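Undergrad: Below are the structure tokens for one structure; questions will follow.
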Amino acid sequence: MAKIVVVFHSGYGHTLRLAQAVAEGAGATLLPIDAEGNLPEGGWDTLNAADAIVMGSPTYMGSVSWQFKKFADASSKAWFTQAWKDKLFAGFTNSATMNGDKLSTLHYLFTLAMQHSGVWVGTGLMPSNSKAAQRNDINFVGSFSGAMAQSPSDASPAEMPQGDLDTARLFGARVAAAAARWAQ
Ligand SMILES: Cc1cc2nc3c(=O)[nH]c(=O)nc-3n(C[C@H](O)[C@H](O)[C@H](O)COP(=O)(O)O)c2cc1C
């Protein structure tokens, strides 16, 4: 069984819910980055031992949160020895606006994965973009690069669109399937 870790930051709980859905689909361990941008005790060992690392951050001002960036900069220790080379990587984000520059966040996560010489896994999910499309369809937000969720600025984590959470679960399952093939 591949070891998959979901490392993420969430300021107000929306990205946490998304991370839980990804982890459920992937059979992954959750590794939260705290409000100070730090991992829990043993967090780096957990990442070093992972076959796949799924990274998540809310989109704040068109990029990752500063807490996630602090984690990313601290990962330069692993970068020096290319300790994460050839692991699978994937990413997800949530923001208030339908677009909201979420792709910039995913591009940042992709770049970080490439700096670690990883292999990127996208959603593999067709977007729901016909006239008949409904908000809770799978991949209604329409991203191939990683899972995107949109929750209105006044929506609590409990009010997040179910379709985005279902999308995140399927995305997690795809990472798990890719990790199983990659381990062969
Ligand atoms: C500092 C800050 C910056 C934000 N910037 C953006 C943004 O660039 N685009 C957007 O659509 N939403 C933006 N938002 C809204 C958040 O993406 C949204 O509230 C998200 O659900 C927060 O996730 P969290 O609950 O995991 O922290 C911003 C929110 C904050 C607090």
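Here's how to read the names in the structure tokens: chain A, B, ... by the order shown, residue numbers from 1 in each chain, ligand numbers from 1 in the order shown.
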All residues within 10 Å of ligand 1 are required, counting only C-alpha atoms and all ligand atoms; please report them as a ChimeraX atom specification.
TA: /A:8-19,56-66,93-102,104-105,149-157,160
Undergrad: Near Val6 (chain A), within 7 Å and counting only C-alpha atoms, which residues show up once chain neighbours fewer than 5 positions away are dropped, as a list in words?
TA: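 Surrounding residues, per the criterion: Ala19, Ala23, Ala28, Thr29, Leu30, Leu31, Ile53, Val54 and Met55 of chain A.
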Undergrad: Choose the residue, out of A:Phe71, A:Phe110, A:Leu103, A:Ala158, that has the smallest atom-to-atom separation from Val141 (chain A); count only C-alpha atoms.
TA: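 Comparing A:Phe71, A:Phe110, A:Leu103, A:Ala158 against Val141 (chain A), the winner is A:Leu103.
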Undergrad: May I have the residues within 9 Å of Leu47 (chain A) as a ChimeraX atom specification, using only C-alpha atoms and disregarding those fewer than 2 positions away in the same chain?
TA: /A:4-5,7,31,42-45,49-53,84
Undergrad: Could the residues in this selection be saved with N, CA and C atoms as an mmCIF file, in the first residue's frame?
TA:
```cif
data_model
loop_
_atom_site.group_PDB
_atom_site.id
_atom_site.type_symbol
_atom_site.label_atom_id
_atom_site.label_comp_id
_atom_site.auth_asym_id
_atom_site.auth_seq_id
_atom_site.Cartn_x
_atom_site.Cartn_y
_atom_site.Cartn_z
ATOM 1 N N ILE A 4 0.605 7.838 1.328
ATOM 2 C CA ILE A 4 0.219 9.135 0.769
ATOM 3 C C ILE A 4 -0.035 10.105 1.922
ATOM 4 N N VAL A 5 0.546 11.284 1.810
ATOM 5 C CA VAL A 5 0.402 12.298 2.855
ATOM 6 C C VAL A 5 -0.226 13.553 2.237
ATOM 7 N N VAL A 7 -0.412 17.268 2.989
ATOM 8 C CA VAL A 7 0.128 18.346 3.818
ATOM 9 C C VAL A 7 -0.542 19.646 3.384
ATOM 10 N N LEU A 31 -1.621 15.927 7.302
ATOM 11 C CA LEU A 31 -0.508 16.594 7.995
ATOM 12 C C LEU A 31 -0.758 18.109 7.950
ATOM 13 N N GLY A 42 7.436 15.241 14.190
ATOM 14 C CA GLY A 42 7.562 14.062 13.319
ATOM 15 C C GLY A 42 7.056 14.289 11.907
ATOM 16 N N GLY A 43 6.570 15.505 11.618
ATOM 17 C CA GLY A 43 5.987 15.781 10.306
ATOM 18 C C GLY A 43 6.966 15.605 9.148
ATOM 19 N N TRP A 44 8.190 16.042 9.334
ATOM 20 C CA TRP A 44 9.170 15.923 8.248
ATOM 21 C C TRP A 44 9.487 14.457 7.985
ATOM 22 N N ASP A 45 9.547 13.637 9.050
ATOM 23 C CA ASP A 45 9.791 12.196 8.870
ATOM 24 C C ASP A 45 8.639 11.571 8.083
ATOM 25 N N ALA A 49 9.045 9.765 4.348
ATOM 26 C CA ALA A 49 8.676 8.355 4.145
ATOM 27 C C ALA A 49 7.555 8.179 3.122
ATOM 28 N N ALA A 50 6.966 9.281 2.654
ATOM 29 C CA ALA A 50 5.795 9.194 1.767
ATOM 30 C C ALA A 50 6.182 8.787 0.346
ATOM 31 N N ASP A 51 5.264 8.065 -0.306
ATOM 32 C CA ASP A 51 5.411 7.795 -1.741
ATOM 33 C C ASP A 51 4.801 8.945 -2.549
ATOM 34 N N ALA A 52 3.771 9.543 -2.005
ATOM 35 C CA ALA A 52 3.090 10.660 -2.685
ATOM 36 C C ALA A 52 2.758 11.748 -1.676
ATOM 37 N N ILE A 53 2.980 12.997 -2.087
ATOM 38 C CA ILE A 53 2.691 14.158 -1.233
ATOM 39 C C ILE A 53 1.673 15.030 -1.952
ATOM 40 N N TRP A 84 13.240 14.120 -1.818
ATOM 41 C CA TRP A 84 11.884 13.813 -2.268
ATOM 42 C C TRP A 84 11.842 13.508 -3.774
#
```
Undergrad: Please compute the CA of His116 (chain A)-CA of Gln20 (chain A) distance, one decimal, in Å.
TA: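 Taking CA of His116 (chain A) as the start and CA of Gln20 (chain A) as the end point, the length is 24.4 Å.
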Undergrad: Please extract the residues of region 66-129 of chain A with a backbone DSSP assignment of alpha helix (DSSP H) and present them as an MDAnalysis selection string.
TA: chainID A and resid 66:74 76:80 102:115
Undergrad: Please produce a file of those selected residues containing C-alpha atoms, as a PDB file, in the first residue's frame.
TA:
```pdb
ATOM      1  CA  TRP A  66       2.292  32.607   4.132  1.00  0.00           C
ATOM      2  CA  GLN A  67       2.095  29.623   6.459  1.00  0.00           C
ATOM      3  CA  PHE A  68       2.263  27.272   3.469  1.00  0.00           C
ATOM      4  CA  LYS A  69       5.143  29.291   2.003  1.00  0.00           C
ATOM      5  CA  LYS A  70       7.021  28.993   5.285  1.00  0.00           C
ATOM      6  CA  PHE A  71       6.621  25.207   5.041  1.00  0.00           C
ATOM      7  CA  ALA A  72       7.758  25.329   1.392  1.00  0.00           C
ATOM      8  CA  ASP A  73      10.877  27.304   2.285  1.00  0.00           C
ATOM      9  CA  ALA A  74      11.625  24.916   5.152  1.00  0.00           C
ATOM     10  CA  SER A  76      14.627  23.371   1.132  1.00  0.00           C
ATOM     11  CA  LYS A  77      16.362  21.135   3.664  1.00  0.00           C
ATOM     12  CA  ALA A  78      14.960  18.097   1.798  1.00  0.00           C
ATOM     13  CA  TRP A  79      15.684  19.852  -1.525  1.00  0.00           C
ATOM     14  CA  PHE A  80      19.426  20.095  -0.775  1.00  0.00           C
ATOM     15  CA  LYS A 102      -6.605  29.725  -7.971  1.00  0.00           C
ATOM     16  CA  LEU A 103      -4.446  28.560 -10.896  1.00  0.00           C
ATOM     17  CA  SER A 104      -1.600  30.735  -9.611  1.00  0.00           C
ATOM     18  CA  THR A 105      -1.736  28.784  -6.350  1.00  0.00           C
ATOM     19  CA  LEU A 106      -1.693  25.438  -8.166  1.00  0.00           C
ATOM     20  CA  HIS A 107       1.173  26.649 -10.349  1.00  0.00           C
ATOM     21  CA  TYR A 108       3.117  27.533  -7.227  1.00  0.00           C
ATOM     22  CA  LEU A 109       2.511  24.044  -5.800  1.00  0.00           C
ATOM     23  CA  PHE A 110       3.552  22.517  -9.145  1.00  0.00           C
ATOM     24  CA  THR A 111       6.755  24.561  -9.176  1.00  0.00           C
ATOM     25  CA  LEU A 112       7.560  23.438  -5.649  1.00  0.00           C
ATOM     26  CA  ALA A 113       7.028  19.820  -6.691  1.00  0.00           C
ATOM     27  CA  MET A 114       9.324  20.302  -9.686  1.00  0.00           C
ATOM     28  CA  GLN A 115      12.003  21.862  -7.476  1.00  0.00           C
TER      29      GLN A 115
END
```
Undergrad: If you run DSSP over the backbone, which residues in chain A end up strand (DSSP E or B)? Put them as an mmCIF file with C-alpha atoms, in the first residue's frame.
TA:
```
data_model
loop_
_atom_site.group_PDB
_atom_site.id
_atom_site.type_symbol
_atom_site.label_atom_id
_atom_site.label_comp_id
_atom_site.auth_asym_id
_atom_site.auth_seq_id
_atom_site.Cartn_x
_atom_site.Cartn_y
_atom_site.Cartn_z
ATOM 1 C CA ILE A 4 0.219 9.135 0.769
ATOM 2 C CA VAL A 5 0.402 12.298 2.855
ATOM 3 C CA VAL A 6 -1.833 15.360 2.500
ATOM 4 C CA VAL A 7 0.128 18.346 3.818
ATOM 5 C CA PHE A 8 -1.953 21.511 3.963
ATOM 6 C CA HIS A 9 -2.673 24.822 5.640
ATOM 7 C CA THR A 29 -2.560 10.695 6.306
ATOM 8 C CA LEU A 30 -3.417 14.332 7.072
ATOM 9 C CA LEU A 31 -0.508 16.594 7.995
ATOM 10 C CA PRO A 32 -1.718 20.089 8.969
ATOM 11 C CA ILE A 33 0.573 23.117 8.862
ATOM 12 C CA ALA A 52 3.090 10.660 -2.685
ATOM 13 C CA ILE A 53 2.691 14.158 -1.233
ATOM 14 C CA VAL A 54 -0.532 16.054 -1.905
ATOM 15 C CA MET A 55 -0.206 19.748 -1.030
ATOM 16 C CA GLY A 56 -3.085 22.065 -0.206
ATOM 17 C CA SER A 57 -3.444 25.742 0.606
ATOM 18 C CA PRO A 58 -6.200 28.328 0.497
ATOM 19 C CA TYR A 60 -4.733 34.148 -0.395
ATOM 20 C CA SER A 63 -1.091 32.457 -4.119
ATOM 21 C CA LEU A 88 4.420 11.761 -6.729
ATOM 22 C CA PHE A 89 3.018 15.227 -6.005
ATOM 23 C CA ALA A 90 -0.387 16.814 -6.485
ATOM 24 C CA GLY A 91 -2.141 19.960 -5.268
ATOM 25 C CA PHE A 92 -5.458 21.519 -4.353
ATOM 26 C CA THR A 93 -6.804 24.903 -3.326
ATOM 27 C CA ASN A 94 -9.959 26.705 -2.288
ATOM 28 C CA SER A 95 -10.954 30.318 -2.735
ATOM 29 C CA VAL A 119 6.187 13.786 -10.669
ATOM 30 C CA TRP A 120 2.918 15.753 -10.883
ATOM 31 C CA ALA A 147 -8.434 20.083 -7.389
ATOM 32 C CA MET A 148 -10.112 23.479 -7.083
ATOM 33 C CA ALA A 149 -12.955 24.376 -4.771
ATOM 34 C CA GLN A 150 -14.918 27.596 -4.494
#
```
Undergrad: Taking only C-alpha atoms into account, which of A:Ala2, A:Glu36, A:Ala132, A:Pro161 comes nearest Ala183 (chain A)?
TA: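 Ranking A:Ala2, A:Glu36, A:Ala132, A:Pro161 by distance to Ala183 (chain A), first place goes to A:Ala2.
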Undergrad: Let me make sure I understand: among A:Leu165, A:Ala26, A:Val121, A:Ala176, which one has the smallest atom-to-atom distance to Arg135 (chain A) if we use only C-alpha atoms?
TA: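 When distances to Arg135 (chain A) are compared using only C-alpha atoms, the smallest one comes from A:Leu165.
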Undergrad: Expressed in Å to a single decimal, how great is the separation between CA of Thr123 (chain A) and CA of Ala83 (chain A)?
TA: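 Value for the CA of Thr123 (chain A)-CA of Ala83 (chain A) distance: 25.2 Å.
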Undergrad: Can you work out the spacing between CA of Lys3 (chain A) and CA of Lys85 (chain A) in Å, to one decimal?
TA: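 Calculated distance between CA of Lys3 (chain A) and CA of Lys85 (chain A) is 15.1 Å.
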Undergrad: From the set A:Met126, A:Pro40, A:Lys87, A:Lys131, which residue has the shortest atom-to-atom contact distance to Ala180 (chain A), counting only C-alpha atoms?
TA: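 Looking at the shortest contact to Ala180 (chain A), the residue is A:Lys87.
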Undergrad: May I ask which of the residues A:Glu41, A:Asp86, A:Asp137, A:Asp34 is the closest one to Ala168 (chain A), counting only C-alpha atoms?
TA: A:Asp137
